[in-house]
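Written below as structure tokens is the structure these notes are about.
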Amino acid sequence: MDDYPAVATEPPAIPTSLTPWGIVDMLKAVAIVIALTVLMSIPAALAADQIAGKKDIEDHPTALAIVLALSVVLEGLMLWTAYRFSVQKYGLTLRSLGLTKPSRAGWWLPFALVIGALAVMYVYFGVLSAFGVEPETDLPEGVFDNVGPFLVLFVLSVFVAPPVEEIFFRGFIFGGLRWRWGVLIAALASGALFGLAHVGNPGTLYLLPPVSAVGAIFAFGYVYTGSIVPSIIAHFLFNFLQVMIGLAVS
């Protein structure tokens, strides 16, 4: 009877060597996201400005909802580029992006990641406050005052951003860098990119250090478990808390 070589039916949860997608693939994905963000933002801003009329966009619920809804579209663009330059291009499964059952740790890990993320944020802003620096929120002032904008923000922050951003920044970017640059540098680099993605304008540059650190923390959750699922849950809990706190103090 002929002997046939064994065929692996499932790829590893997290690659244990260089990923098929490389630096060029990641640069292409980031460049596409940036270019289309700019191109799509211009007509969206013009439409919102037209609807708002003589009012500021932040003071007009419909115009503000349009601006926020654009972010939902851009999140979808991030998801597509991550899939296009990894799974689709190289014939992989979603497991290659960390979408698999965690290999270890239990229910406690997402909560530990959230506690670490919150600690970073509150220590950072506590230090700023101690030096008399009180940065303004990066959210439009009227987002919590009207149902439409708030619902868009809630869906975006709680249901869309956690899975999409973890797939893109942790599964795709960090996953592609860790065996090339090492875990620490890859976590810091992907975290910095994650932080830059949350800087909407020069006035929100203060968000870069803490958000970058949070991204690095979530990357280590991926390393520990071989899955981005705990990080997705932690991201969900973190954003949910932030939205609820914003609603409570508005």
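Residues are named by chain letter and number: chains run A, B, ... in the order of the structure tokens, numbers start at 1 in each chain, and ligands are numbered from 1 in the order shown.
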Counting only C-alpha atoms, what are the residues of segment 207-235 of chain A within 9 Å of segment 181-186 of chain A, and for each of them which pair of atoms is the nearest and at what distance in Å, to one decimal? Sort the table by chain and rising number, as CSV.
```
residue,atom,partner,partner_atom,distance
A:Ala216,CA,A:Leu184,CA,8.4
A:Ala219,CA,A:Val183,CA,8.6
A:Phe220,CA,A:Val183,CA,8.1
A:Val223,CA,A:Val183,CA,8.1
```
message: Among segment 24-160 of chain A, which ones does DSSP assign to helix (DSSP H, G or I) (computed from the backbone)? Answer as a PyMOL selection string.
response: chain A and resi 24-52+57-59+61-90+94-97+108-130+141-144+147-160
- request: Using only C-alpha atoms, pick whichever of A:Val214, A:Ile57, A:Ala82, A:Ala69 has the shortest atom-to-atom distance to Trp21 of chain A.
  value: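 Of all the options, A:Ala82 lies closest to Trp21 of chain A.
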- prompt: Between A:Ile51, A:Ala29, A:Leu237, A:Val249, which is the closest to Ala117 of chain A once you count only C-alpha atoms?
  reply: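 Nearest candidate to Ala117 of chain A out of A:Ile51, A:Ala29, A:Leu237, A:Val249: A:Leu237.
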query: Which residue out of A:Val164, A:Leu139, A:Phe236, A:Phe174 has the minimum interatomic distance to Thr204 of chain A when only C-alpha atoms are used?
result: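 When distances to Thr204 of chain A are compared using only C-alpha atoms, the smallest one comes from A:Leu139.
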- request: Might you pull out every residue within 8 Å of Val67 of chain A, with only C-alpha atoms counted and same-chain residues fewer than 5 positions away left off, and present them as a VMD selection string?
  value: chain A and resid 44 to 45 48
